[in-house]
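Listing of start-v9.cif; format and content: mmCIF, C-alpha atoms.
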```cif
data_run
#
loop_
_atom_site.label_atom_id
_atom_site.label_comp_id
_atom_site.auth_asym_id
_atom_site.auth_seq_id
_atom_site.Cartn_x
_atom_site.Cartn_y
_atom_site.Cartn_z
CA MET A 79 71.95 66.13 86.94
CA SER A 80 70.48 63.39 84.74
CA ILE A 81 70.64 59.89 86.19
CA ASP A 82 70.12 56.88 83.96
CA PRO A 83 68.27 53.79 85.23
CA THR A 84 71.51 51.98 86.09
CA ASN A 85 72.13 54.57 88.84
CA ASP A 86 68.65 54.26 90.38
CA PRO A 87 69.20 54.12 94.15
CA ALA A 88 66.20 51.80 94.48
CA LEU A 89 67.89 49.07 92.41
CA ARG A 90 68.69 45.86 94.26
CA SER A 91 70.59 42.82 93.07
CA TRP A 92 69.93 39.11 93.50
CA VAL A 93 73.62 38.92 94.45
CA GLN A 94 72.99 39.59 98.11
CA THR A 95 76.50 40.81 98.99
CA ALA A 96 75.92 43.71 96.59
CA ASN A 97 73.10 44.99 98.80
CA LEU A 98 75.12 45.24 102.00
CA ARG A 99 75.37 48.75 103.41
CA GLY A 100 78.74 50.28 102.52
CA ALA A 101 79.59 47.64 99.91
CA ASP A 102 82.11 48.88 97.35
CA PHE A 103 80.42 47.10 94.47
CA PRO A 104 76.64 47.51 94.56
CA ILE A 105 74.66 47.07 91.36
CA GLN A 106 74.98 50.84 90.76
CA ASN A 107 78.76 50.45 90.35
CA LEU A 108 79.65 47.46 88.09
CA PRO A 109 83.35 48.28 87.54
CA PHE A 110 85.27 46.37 84.88
CA GLY A 111 88.42 44.33 85.44
CA ILE A 112 90.41 41.34 84.23
CA PHE A 113 90.34 38.02 86.13
CA ARG A 114 90.59 34.26 86.05
CA ARG A 115 89.97 31.57 88.63
CA ALA A 116 92.98 31.37 90.92
CA GLY A 117 95.19 28.31 90.50
CA THR A 118 94.03 27.60 86.97
CA ARG A 119 95.43 28.17 83.51
CA GLU A 120 92.24 29.76 82.27
CA ALA A 121 92.66 32.66 79.91
CA PRO A 122 92.25 36.02 81.69
CA ARG A 123 89.06 37.77 80.61
CA VAL A 124 86.75 40.68 81.41
CA GLY A 125 84.46 40.61 84.41
CA VAL A 126 82.44 43.07 86.44
CA ALA A 127 82.57 43.22 90.22
CA ILE A 128 79.19 42.74 91.90
CA GLY A 129 79.21 42.49 95.69
CA ALA A 130 81.79 39.89 96.68
CA ALA A 131 81.65 38.19 93.28
CA ILE A 132 82.72 38.68 89.67
CA LEU A 133 80.37 38.15 86.75
CA ASP A 134 82.10 36.50 83.80
CA ILE A 135 80.86 38.47 80.78
CA ALA A 136 82.19 36.05 78.18
CA ALA A 137 80.35 33.19 79.92
CA CYS A 138 77.14 35.23 79.84
CA LEU A 139 77.65 35.88 76.14
CA ALA A 140 78.21 32.18 75.44
CA ALA A 141 75.05 31.35 77.39
CA GLY A 142 73.00 33.64 75.16
CA LEU A 143 72.15 36.17 77.86
CA PHE A 144 72.74 39.11 75.49
CA ASP A 145 70.96 37.62 72.47
CA ASP A 146 68.02 40.02 72.75
CA ASP A 147 70.24 43.15 72.75
CA SER A 148 72.42 43.52 69.67
CA ALA A 149 74.39 46.51 71.01
CA ALA A 150 75.21 44.78 74.29
CA ARG A 151 76.05 41.54 72.49
CA ALA A 152 78.45 43.37 70.19
CA ALA A 153 80.16 45.04 73.19
CA ALA A 154 80.34 41.73 75.06
CA THR A 155 82.34 40.18 72.22
CA ALA A 156 85.25 42.37 73.40
CA CYS A 157 85.15 40.75 76.84
CA ALA A 158 86.85 37.46 76.03
CA MET A 159 90.07 39.47 75.72
CA PRO A 160 92.83 39.45 78.36
CA THR A 161 92.66 43.26 78.64
CA LEU A 162 90.00 45.98 78.54
CA ASN A 163 91.63 47.75 75.59
CA GLU A 164 89.22 46.47 72.96
CA LEU A 165 86.15 47.37 75.02
CA MET A 166 87.70 50.77 75.82
CA SER A 167 88.33 51.47 72.15
CA ARG A 168 84.68 50.92 71.20
CA GLY A 169 83.63 54.14 72.86
CA PRO A 170 81.00 55.21 75.38
CA SER A 171 77.95 53.92 73.48
CA ALA A 172 79.22 50.33 73.57
CA ARG A 173 80.15 50.62 77.25
CA ARG A 174 76.74 52.05 78.14
CA ALA A 175 74.87 49.38 76.22
CA LEU A 176 76.78 46.63 78.01
CA ARG A 177 76.37 48.32 81.39
CA GLN A 178 72.60 48.59 80.92
CA ALA A 179 72.34 44.92 79.95
CA LEU A 180 74.47 43.85 82.93
CA SER A 181 72.40 45.97 85.29
CA ALA A 182 69.20 44.37 84.03
CA LEU A 183 70.72 40.88 84.29
CA LEU A 184 71.92 41.41 87.88
CA ALA A 185 68.79 43.19 89.15
CA ASP A 186 66.54 41.26 91.51
CA SER A 187 63.69 41.79 89.04
CA VAL A 188 65.36 39.65 86.35
CA ALA A 189 63.43 36.60 85.14
CA ALA A 190 64.17 33.47 87.18
CA HIS A 191 65.52 31.43 84.26
CA ARG A 192 68.00 34.20 83.30
CA ARG A 193 69.15 34.48 86.90
CA GLN A 194 69.75 30.73 87.08
CA ILE A 195 71.94 30.88 83.98
CA ALA A 196 73.84 33.96 85.23
CA GLU A 197 74.53 32.35 88.61
CA HIS A 198 76.79 29.87 86.82
CA ALA A 199 78.85 32.80 85.50
CA LEU A 200 79.62 34.13 89.01
CA VAL A 201 83.07 33.65 90.53
CA PRO A 202 83.74 34.59 94.18
CA GLN A 203 86.33 37.36 94.31
CA GLN A 204 88.30 35.45 96.93
CA GLU A 205 88.72 32.63 94.41
CA ALA A 206 89.89 34.89 91.59
CA GLU A 207 93.25 36.13 90.39
CA LEU A 208 93.15 39.75 89.24
CA PHE A 209 95.32 41.36 86.59
CA LEU A 210 96.15 44.81 85.27
CA PRO A 211 92.89 45.98 83.70
CA ALA A 212 94.50 47.20 80.47
CA GLN A 213 97.64 46.95 78.42
CA ILE A 214 98.99 50.39 79.24
CA GLY A 215 100.92 51.74 76.28
CA ASP A 216 101.63 55.15 77.77
CA TYR A 217 101.39 56.64 81.25
CA THR A 218 101.38 60.35 82.09
CA ASP A 219 101.33 61.64 85.64
CA PHE A 220 100.01 65.12 86.35
CA TYR A 221 100.52 67.52 89.25
CA ALA A 222 96.91 68.66 89.56
CA SER A 223 96.63 69.44 93.28
CA VAL A 224 97.49 73.05 94.03
CA HIS A 225 97.75 72.21 97.74
CA HIS A 226 100.31 69.47 97.06
CA ALA A 227 102.26 71.69 94.65
CA THR A 228 102.27 74.56 97.16
CA ASN A 229 103.38 72.38 100.08
CA VAL A 230 106.18 70.70 98.16
CA GLY A 231 107.24 73.95 96.51
CA SER A 232 107.49 75.68 99.87
CA MET A 233 109.97 73.03 101.08
CA PHE A 234 112.36 73.77 98.23
CA ARG A 235 111.43 77.35 97.23
CA PRO A 236 109.98 79.10 100.31
CA ASP A 237 109.89 82.45 98.53
CA GLN A 238 108.13 81.09 95.42
CA PRO A 239 106.33 77.79 96.15
CA LEU A 240 104.42 77.79 92.86
CA LEU A 241 106.28 78.40 89.64
CA PRO A 242 104.70 80.97 87.28
CA ASN A 243 103.21 78.38 84.92
CA TYR A 244 101.31 76.30 87.48
CA LYS A 245 97.96 78.10 87.36
CA TRP A 246 98.01 78.37 83.58
CA VAL A 247 98.88 74.87 82.41
CA PRO A 248 98.23 71.33 83.72
CA ILE A 249 101.74 70.20 84.64
CA GLY A 250 102.68 66.58 83.97
CA TYR A 251 105.49 64.22 83.03
CA HIS A 252 105.68 60.99 81.06
CA GLY A 253 106.01 58.02 83.40
CA ARG A 254 107.06 54.45 82.82
CA ALA A 255 104.25 52.10 81.74
CA SER A 256 106.31 48.89 82.02
CA SER A 257 106.59 49.13 85.82
CA ILE A 258 102.89 49.68 86.52
CA VAL A 259 101.70 46.73 88.63
CA VAL A 260 98.33 45.56 89.86
CA SER A 261 97.30 45.88 93.51
CA GLY A 262 98.86 43.23 95.73
CA THR A 263 102.18 43.16 93.89
CA PRO A 264 105.07 43.69 96.36
CA VAL A 265 107.25 46.73 95.70
CA ARG A 266 111.01 46.45 96.14
CA ARG A 267 112.81 49.40 97.68
CA PRO A 268 114.72 51.08 94.85
CA VAL A 269 118.46 51.66 94.73
CA GLY A 270 119.84 54.85 93.22
CA GLN A 271 122.00 57.92 93.55
CA ARG A 272 121.33 60.23 96.45
CA LYS A 273 123.22 63.24 97.80
CA GLY A 274 122.41 64.82 101.12
CA PRO A 275 122.97 68.53 101.76
CA ASN A 276 126.15 67.79 103.71
CA ASP A 277 127.56 65.16 101.34
CA GLU A 278 130.51 66.15 99.19
CA VAL A 279 129.67 63.61 96.48
CA PRO A 280 126.65 61.42 95.73
CA SER A 281 126.48 57.78 96.81
CA VAL A 282 124.55 54.80 95.51
CA GLY A 283 122.32 52.77 97.79
CA PRO A 284 118.76 51.89 98.82
CA SER A 285 116.39 54.85 99.09
CA ARG A 286 116.09 56.12 102.66
CA SER A 287 113.00 58.20 101.89
CA LEU A 288 110.51 55.86 100.22
CA ASP A 289 107.08 57.44 99.91
CA TYR A 290 103.64 56.84 98.46
CA GLU A 291 101.44 59.20 96.46
CA LEU A 292 97.66 59.07 96.84
CA GLU A 293 96.20 59.46 93.34
CA LEU A 294 93.38 58.61 90.99
CA GLY A 295 94.09 57.30 87.52
CA ALA A 296 91.94 57.91 84.43
CA PHE A 297 91.95 55.40 81.57
CA VAL A 298 91.63 56.68 78.03
CA GLY A 299 88.86 54.97 76.07
CA THR A 300 88.54 56.19 72.52
CA GLY A 301 91.80 57.70 71.30
CA ASN A 302 92.49 60.53 68.88
CA ALA A 303 94.42 60.62 65.63
CA LEU A 304 97.93 62.05 65.57
CA GLY A 305 97.70 65.78 64.97
CA GLU A 306 94.04 66.08 66.01
CA PRO A 307 93.40 67.76 69.39
CA ILE A 308 90.43 66.84 71.56
CA PRO A 309 88.01 69.72 72.33
CA MET A 310 86.76 70.14 75.89
CA ALA A 311 83.16 69.42 74.86
CA GLN A 312 84.22 65.94 73.69
CA ALA A 313 86.63 65.06 76.50
CA ASP A 314 84.28 62.73 78.39
CA ASP A 315 83.75 60.68 75.25
CA HIS A 316 87.46 59.84 75.35
CA LEU A 317 87.57 58.77 79.02
CA PHE A 318 86.60 55.24 80.07
CA GLY A 319 86.77 55.38 83.86
CA LEU A 320 88.84 55.87 86.99
CA CYS A 321 91.00 53.64 89.18
CA LEU A 322 93.19 54.02 92.26
CA LEU A 323 96.86 54.85 91.75
CA ASN A 324 99.87 54.84 94.06
CA ASP A 325 102.86 56.46 92.40
CA TRP A 326 105.60 55.18 94.72
CA SER A 327 108.37 57.76 95.05
CA ALA A 328 111.97 57.71 96.34
CA ARG A 329 112.25 61.26 97.65
CA ASP A 330 116.01 61.26 98.26
CA LEU A 331 116.70 60.03 94.74
CA GLN A 332 114.17 62.53 93.40
CA ALA A 333 115.74 65.51 95.16
CA TRP A 334 119.12 64.78 93.56
CA GLU A 335 118.07 63.84 90.02
CA TYR A 336 114.97 65.92 89.19
CA GLN A 337 116.79 69.03 87.94
CA PRO A 338 116.73 70.04 85.14
CA LEU A 339 114.38 67.53 83.45
CA GLY A 340 112.14 66.21 86.22
CA PRO A 341 111.31 62.75 87.66
CA PHE A 342 113.26 59.71 86.49
CA LEU A 343 114.55 56.76 88.55
CA ALA A 344 112.85 58.07 91.69
CA LYS A 345 109.49 57.28 90.08
CA ASN A 346 109.86 54.56 87.47
CA PHE A 347 110.59 51.57 89.73
CA ALA A 348 106.87 50.91 90.45
CA SER A 349 103.40 52.41 90.29
CA SER A 350 100.47 50.40 91.66
CA ILE A 351 96.88 50.56 90.40
CA SER A 352 93.66 48.94 91.53
CA PRO A 353 92.26 46.09 89.42
CA TRP A 354 88.78 47.60 89.01
CA VAL A 355 87.94 50.51 86.71
CA VAL A 356 84.89 52.52 87.78
CA THR A 357 83.15 53.87 84.70
CA LEU A 358 82.05 57.45 84.11
CA GLU A 359 78.45 56.20 84.10
CA ALA A 360 78.80 54.83 87.65
CA LEU A 361 80.32 58.15 88.73
CA GLU A 362 77.60 60.28 87.14
CA PRO A 363 75.65 60.84 90.40
CA PHE A 364 78.86 62.10 92.03
CA ARG A 365 79.76 64.80 89.55
CA ALA A 366 80.73 68.05 91.24
CA PRO A 367 81.81 71.58 90.35
CA LEU A 368 85.52 72.22 90.03
CA ALA A 369 87.15 73.78 93.06
CA PRO A 370 86.78 77.57 92.92
CA ARG A 371 89.96 79.36 91.99
CA ALA A 372 91.49 81.76 94.47
CA GLU A 373 90.97 85.46 94.00
CA GLY A 374 93.46 86.72 91.45
CA ASP A 375 94.01 83.33 89.82
CA PRO A 376 93.80 83.40 86.01
CA ALA A 377 90.86 81.79 84.26
CA PRO A 378 91.78 78.72 82.20
CA LEU A 379 92.73 79.55 78.63
CA PRO A 380 89.91 79.07 76.08
CA TYR A 381 90.97 75.58 74.96
CA LEU A 382 90.69 74.43 78.59
CA THR A 383 87.42 76.24 79.29
CA ASP A 384 84.01 74.60 79.15
CA ARG A 385 80.99 75.62 81.21
CA ALA A 386 79.82 72.03 81.67
CA ASP A 387 83.24 71.02 82.93
CA GLN A 388 83.32 73.92 85.38
CA GLU A 389 79.90 72.88 86.71
CA ARG A 390 80.39 69.09 86.79
CA GLY A 391 83.95 68.20 85.80
CA GLY A 392 84.95 67.23 89.33
CA PHE A 393 84.07 64.05 91.23
CA ALA A 394 82.93 63.90 94.86
CA ILE A 395 85.33 61.07 95.69
CA THR A 396 86.89 60.61 99.12
CA VAL A 397 90.40 59.15 98.91
CA GLU A 398 92.20 57.52 101.82
CA THR A 399 95.57 56.03 102.70
CA TRP A 400 95.98 53.26 105.27
CA LEU A 401 99.27 52.04 106.77
CA ARG A 402 99.94 48.66 108.37
CA THR A 403 103.48 48.15 109.58
CA ALA A 404 105.18 44.78 109.83
CA ARG A 405 104.77 44.93 113.61
CA MET A 406 101.05 45.63 113.25
CA GLN A 407 100.74 42.68 110.86
CA GLU A 408 102.49 40.35 113.29
CA ALA A 409 100.21 41.50 116.10
CA GLY A 410 97.09 41.08 113.97
CA GLU A 411 96.30 44.79 114.22
CA PRO A 412 94.32 46.51 111.49
CA ALA A 413 95.69 49.22 109.24
CA VAL A 414 95.42 52.80 110.45
CA ARG A 415 94.26 55.65 108.25
CA ILE A 416 96.88 58.34 107.82
CA THR A 417 95.30 60.44 105.03
CA GLN A 418 91.78 61.39 103.98
CA GLY A 419 91.34 63.79 101.09
CA GLN A 420 88.83 64.88 98.48
CA ALA A 421 89.20 64.66 94.71
CA THR A 422 87.23 67.91 94.47
CA ASP A 423 90.35 69.70 95.76
CA LEU A 424 92.12 69.12 92.44
CA TYR A 425 92.94 72.34 90.58
CA TRP A 426 92.51 70.76 87.13
CA SER A 427 89.79 68.34 86.03
CA MET A 428 90.46 64.97 84.38
CA ALA A 429 88.93 66.41 81.21
CA GLN A 430 91.33 69.38 81.26
CA MET A 431 94.30 67.06 81.76
CA LEU A 432 93.25 64.91 78.80
CA VAL A 433 92.54 67.90 76.55
CA HIS A 434 95.84 69.59 77.38
CA HIS A 435 97.69 66.32 76.74
CA ALA A 436 96.23 66.13 73.23
CA SER A 437 96.29 69.87 72.52
CA ASN A 438 99.57 69.69 70.63
CA GLY A 439 98.32 66.82 68.48
CA CYS A 440 99.62 64.02 70.71
CA ASN A 441 97.69 60.86 69.91
CA LEU A 442 96.21 59.15 72.95
CA ARG A 443 95.25 55.49 72.68
CA ALA A 444 92.83 53.14 74.37
CA GLY A 445 94.35 51.97 77.64
CA ASP A 446 96.61 54.97 78.16
CA LEU A 447 96.68 56.00 81.82
CA LEU A 448 96.57 59.56 83.17
CA GLY A 449 97.46 60.07 86.84
CA SER A 450 95.99 62.98 88.79
CA GLY A 451 99.12 63.53 90.81
CA THR A 452 99.05 63.49 94.61
CA ILE A 453 95.63 64.51 95.92
CA SER A 454 96.11 66.84 98.88
CA GLY A 455 93.78 69.29 100.56
CA PRO A 456 94.15 72.39 102.72
CA SER A 457 94.29 70.57 106.09
CA PRO A 458 97.25 68.58 107.45
CA GLU A 459 95.26 65.32 107.58
CA SER A 460 94.44 65.65 103.88
CA ARG A 461 98.06 65.66 102.73
CA GLY A 462 98.44 62.83 100.25
CA CYS A 463 102.03 61.66 100.83
CA LEU A 464 104.56 61.32 103.65
CA LEU A 465 106.70 64.07 102.17
CA GLU A 466 103.91 66.47 103.12
CA LEU A 467 102.57 64.67 106.21
CA THR A 468 106.01 64.64 107.86
CA TRP A 469 107.21 67.83 106.21
CA ARG A 470 110.14 66.20 104.42
CA GLY A 471 110.75 63.87 107.38
CA ALA A 472 111.20 66.62 109.97
CA GLU A 473 107.89 65.89 111.75
CA PRO A 474 107.36 62.08 111.83
CA ILE A 475 103.85 60.78 112.38
CA THR A 476 103.17 58.62 115.45
CA LEU A 477 101.01 55.53 115.00
CA PRO A 478 98.59 54.16 117.65
CA ASN A 479 101.02 51.36 118.61
CA GLY A 480 103.79 53.88 119.33
CA GLU A 481 105.75 53.40 116.12
CA SER A 482 106.65 56.46 114.11
CA ARG A 483 107.21 57.03 110.43
CA ALA A 484 109.01 59.76 108.51
CA PHE A 485 109.06 57.57 105.38
CA LEU A 486 108.15 53.95 104.65
CA HIS A 487 110.04 51.05 106.24
CA ASP A 488 110.62 47.60 104.78
CA GLY A 489 107.61 45.41 105.52
CA ASP A 490 105.14 48.30 105.60
CA GLU A 491 101.87 47.64 103.80
CA LEU A 492 100.35 50.71 102.17
CA GLN A 493 96.68 50.65 101.12
CA ILE A 494 94.77 53.21 99.08
CA THR A 495 90.97 53.19 99.08
CA ALA A 496 88.31 55.54 97.76
CA PHE A 497 84.55 55.89 97.70
CA ALA A 498 81.90 58.23 96.37
CA GLU A 499 78.76 59.01 98.31
CA ARG A 500 76.06 61.63 98.19
CA ASP A 501 72.48 62.07 99.41
CA GLY A 502 70.07 60.47 96.97
CA ALA A 503 72.66 58.03 95.55
CA VAL A 504 74.05 54.67 96.57
CA ARG A 505 77.63 54.76 97.84
CA ILE A 506 80.14 53.12 95.50
CA GLY A 507 83.76 52.19 96.12
CA PHE A 508 86.93 51.47 94.19
CA GLY A 509 88.17 48.44 96.09
CA VAL A 510 91.76 48.64 97.26
CA CYS A 511 95.21 49.37 95.86
CA THR A 512 97.80 47.79 98.10
CA GLY A 513 101.50 47.01 98.15
CA VAL A 514 104.05 45.76 100.67
CA VAL A 515 107.57 47.23 100.71
CA LEU A 516 110.31 44.65 100.21
CA PRO A 517 113.95 45.34 101.11
CA ALA A 518 116.34 46.42 98.36
#
```

In C-alpha cells, write the structure found in this file.
Amino acid sequence: MSIDPTNDPALRSWVQTANLRGADFPIQNLPFGIFRRAGTREAPRVGVAIGAAILDIAACLAAGLFDDDSAARAAATACAMPTLNELMSRGPSARRALRQALSALLADSVAAHRRQIAEHALVPQQEAELFLPAQIGDYTDFYASVHHATNVGSMFRPDQPLLPNYKWVPIGYHGRASSIVVSGTPVRRPVGQRKGPNDEVPSVGPSRSLDYELELGAFVGTGNALGEPIPMAQADDHLFGLCLLNDWSARDLQAWEYQPLGPFLAKNFASSISPWVVTLEALEPFRAPLAPRAEGDPAPLPYLTDRADQERGGFAITVETWLRTARMQEAGEPAVRITQGQATDLYWSMAQMLVHHASNGCNLRAGDLLGSGTISGPSPESRGCLLELTWRGAEPITLPNGESRAFLHDGDELQITAFAERDGAVRIGFGVCTGVVLPA
C-alpha cells in the first residue's frame, strides 16, 4: 500500500478543529463540495471541508496562493464553478495536484504569511449553505450487496432468493437524477398505487411502507466516449470519489409496480446525498480486498477481473443509520443508531460496477452518480434498510424511548453517516446525509 504525503498520519493543520480526535474532516481528508455563505446571494463555488470550516478555493486562487504551482493553479481555475463537474472532468492528475497544494497550504508547517492569507478564505461550516456537489446528468443504482439481495429475495422467493444472474453480473437500474437532493432537504411521503395481498383492486394513496436505503455513491470523474468500454485496469482513473446516499423507497408501491421492469415511482420521488465528496486519494489508506466469494460461486468474467481490484478494490468504510423520531426531537433526545454495516461486504466493487456499466459502450460523463445499492451484512444489526431490519414489517424494531417502527413515520429524521479508520492512518468521515419525512 503506497501512501502519498497528503495521507501522512503525522500531518497536522493550523485549523485546530481539524486536529480533534474523531473529526470527520482532518487534513488527511479534504473532501470537495459546493457552498456559499448562508443568507447571501454569492455565487456557489467549490470548497474543501477542513475541520469545522470550509476553505474557499477560488478565493485562494485570487489571492495568488497557487502561483508557484502551475498544475494546482490550472485545477483551481475549475473551482469558481457552481458544480464540481469541471474539476471532475479534468481527471485524477488535476485533482491530485490541487489536493497536494491544499494539503501544503493547510498544514501547520506552512509559512506564516501564506497562512494569514488563507485564513481570510475560511468560512465556518455553520455559516455556509451547501449544495449538490455536481450537476448529475445520469444516476444508476446497483444491487451490489449479496446479503441484501438474499434477504429481500427470500421474502418474495423463499425457494430461490437469488436469481441465476446475480453472481455473474452487477445488477442495476437507471434512477431519476432530477429528484436527487442534498442532505437536509425534507422528503415528502410519496403517493402512488399500492395493492395488498388481500385487496381485490389497487388503490391510490400515501405510501404506508416508507423506507430508507443505506448506500454509498460514486461520482464519475473522467467519462468515456460512446462505444468505448472502460477496462478494469483504468477504472479508478474514471472515478472521482464517494459520498453518502439514501435511496428512499416506498416498499408498498414497489411491491405492486416492480414487475416486470423494476423500480419506478417507488424510487424516483427522492434520493438524498451528502454534500461532501471524499476523493479516492483520501480513501487510499483504507483500501481493502474484495469480500471472498462463497464456495461454488463463479469467478467474475474476464472483463470484470483484475488482480489489483481483487486485492484492493474494496474500502474499509463503516456505514451507519441513525433515527430520530418526532417525539425524540421534541424531547431533545439524540438520534439512535439502528444499523451499522461495512462496505467491504459488497459483492461487487465500485470499479466493477463502473466497468460493467460502460461495457456495452454506454458513455459515462463527469458528474454521473453510481449507487452501491443497500449495504447489508450477515448479521441482523448490519441490515441496511427497514425492509430487512423488520422483515417486511413483521418484526418492528423497538427504540429506547419505547416507540416502535416497522417503517418510517411522518416527522422521522433519518441520518446516514460513515467513516474509515485503520491502524496507522487518521480516521476520516463523510459528514452526514439527513432528511426529515414530511406528510403526503

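Distance annotation: of A:Ser171, A:Gln388, A:Ser482, A:Thr155, the residue with the minimal separation from A:Met310 is A:Gln388; atom set is only C-alpha atoms.
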
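Using only C-alpha atoms, the nearest neighbour of A:Pro353 within the list A:Glu389, A:Glu207, A:Asp488, A:Glu335 is A:Glu207.
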
Check: What residues come out when you apply the PyMOL selection byres ((chain A and resi 92-95) around 12) to this file, written as a VMD selection string?
Finding: chain A and resid 89 to 91 96 to 105 127 to 133 181 to 190 192 to 194 196 to 197 200 to 203

Note to self: Assuming the chain letters and numbering stay as they are in my file, what does the PyMOL selection byres ((chain A and resi 81-85) around 12) actually select? List them as a PyMOL selection string.
What the structure shows: chain A and resi 79-80+86-91+104-108+174-185+357-365+502-506

Note to self: Please expand the PyMOL selection byres ((chain A and resi 125) around 10) into the concrete residues it hits in this file, giving the result as a ChimeraX atom specification.
What the structure shows: /A:108-114,122-124,126-128,131-137,157-158,162,199-201,208,354

Note to self: Residues near A:Val260, anyone? I mean within 10 Å using all atoms listed in the file, not counting same-chain ones fewer than 4 positions away, as a list of chain:residue names.
What the structure shows: A:Leu208, A:Phe209, A:Leu210, A:Pro211, A:Pro264, A:Leu323, A:Ser349, A:Ser350, A:Ile351, A:Ser352, A:Pro353, A:Trp354, A:Cys511, A:Thr512, A:Gly513

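Counting all atoms listed in the file, the residue from A:Arg115, A:His434, A:Arg329, A:Arg272 that sits nearest to A:Trp469 is A:Arg329.
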
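For stretch 368-378 of chain A, the non-local neighbours within 7 Å, defined as residues at least 6 positions apart in the same chain or in other chains and counting all atoms listed in the file, are Lys245, Trp246, Gln388, Glu389, Arg390, Gly391, Gly392, Thr422, Asp423, Leu424 and Tyr425 of chain A.
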
Margin query: Just want the 9 Å neighbourhood of A:Gly231, counted on all atoms listed in the file, with same-chain residues fewer than 6 positions away dropped. Output as an MDAnalysis selection string.
Written below: chainID A and resid 238:241

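Here atom CA of A:Ser287 is placed at a distance of 15.8 Å from atom CA of A:Thr403.
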
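Take the candidates A:Gly299, A:Gly215, A:Pro338, A:Pro280 and check each one against A:Ser257 using only C-alpha atoms; the shortest distance goes to A:Gly215.
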
With N, CA and C atoms as the target, complete stretch 184-199 of chain A and hand it back as an mmCIF file, in the coordinates of the input.
```cif
data_model
loop_
_atom_site.group_PDB
_atom_site.id
_atom_site.type_symbol
_atom_site.label_atom_id
_atom_site.label_comp_id
_atom_site.auth_asym_id
_atom_site.auth_seq_id
_atom_site.Cartn_x
_atom_site.Cartn_y
_atom_site.Cartn_z
ATOM 1 N N LEU A 184 71.573 41.587 86.469
ATOM 2 C CA LEU A 184 71.920 41.410 87.880
ATOM 3 C C LEU A 184 70.862 41.951 88.834
ATOM 4 N N ALA A 185 69.848 42.630 88.303
ATOM 5 C CA ALA A 185 68.790 43.190 89.150
ATOM 6 C C ALA A 185 67.909 42.080 89.710
ATOM 7 N N ASP A 186 67.368 42.303 90.902
ATOM 8 C CA ASP A 186 66.540 41.260 91.510
ATOM 9 C C ASP A 186 65.223 41.048 90.771
ATOM 10 N N SER A 187 64.901 41.933 89.827
ATOM 11 C CA SER A 187 63.690 41.790 89.040
ATOM 12 C C SER A 187 63.876 40.923 87.797
ATOM 13 N N VAL A 188 65.092 40.432 87.543
ATOM 14 C CA VAL A 188 65.360 39.650 86.350
ATOM 15 C C VAL A 188 64.547 38.342 86.387
ATOM 16 N N ALA A 189 64.192 37.853 85.227
ATOM 17 C CA ALA A 189 63.430 36.600 85.140
ATOM 18 C C ALA A 189 64.226 35.457 85.776
ATOM 19 N N ALA A 190 63.524 34.542 86.412
ATOM 20 C CA ALA A 190 64.170 33.470 87.180
ATOM 21 C C ALA A 190 65.091 32.625 86.319
ATOM 22 N N HIS A 191 64.690 32.307 85.078
ATOM 23 C CA HIS A 191 65.520 31.430 84.260
ATOM 24 C C HIS A 191 66.822 32.126 83.851
ATOM 25 N N ARG A 192 66.781 33.456 83.646
ATOM 26 C CA ARG A 192 68.000 34.200 83.300
ATOM 27 C C ARG A 192 68.923 34.270 84.514
ATOM 28 N N ARG A 193 68.340 34.449 85.680
ATOM 29 C CA ARG A 193 69.150 34.480 86.900
ATOM 30 C C ARG A 193 69.858 33.140 87.097
ATOM 31 N N GLN A 194 69.159 32.041 86.884
ATOM 32 C CA GLN A 194 69.750 30.730 87.080
ATOM 33 C C GLN A 194 70.948 30.515 86.147
ATOM 34 N N ILE A 195 70.822 31.004 84.914
ATOM 35 C CA ILE A 195 71.940 30.880 83.980
ATOM 36 C C ILE A 195 73.104 31.765 84.429
ATOM 37 N N ALA A 196 72.791 33.017 84.829
ATOM 38 C CA ALA A 196 73.840 33.960 85.230
ATOM 39 C C ALA A 196 74.574 33.510 86.477
ATOM 40 N N GLU A 197 73.875 32.819 87.372
ATOM 41 C CA GLU A 197 74.530 32.350 88.610
ATOM 42 C C GLU A 197 75.726 31.471 88.305
ATOM 43 N N HIS A 198 75.678 30.731 87.197
ATOM 44 C CA HIS A 198 76.790 29.870 86.820
ATOM 45 C C HIS A 198 77.990 30.669 86.304
ATOM 46 N N ALA A 199 77.765 31.946 85.998
ATOM 47 C CA ALA A 199 78.850 32.800 85.500
ATOM 48 C C ALA A 199 79.464 33.646 86.618
#
```
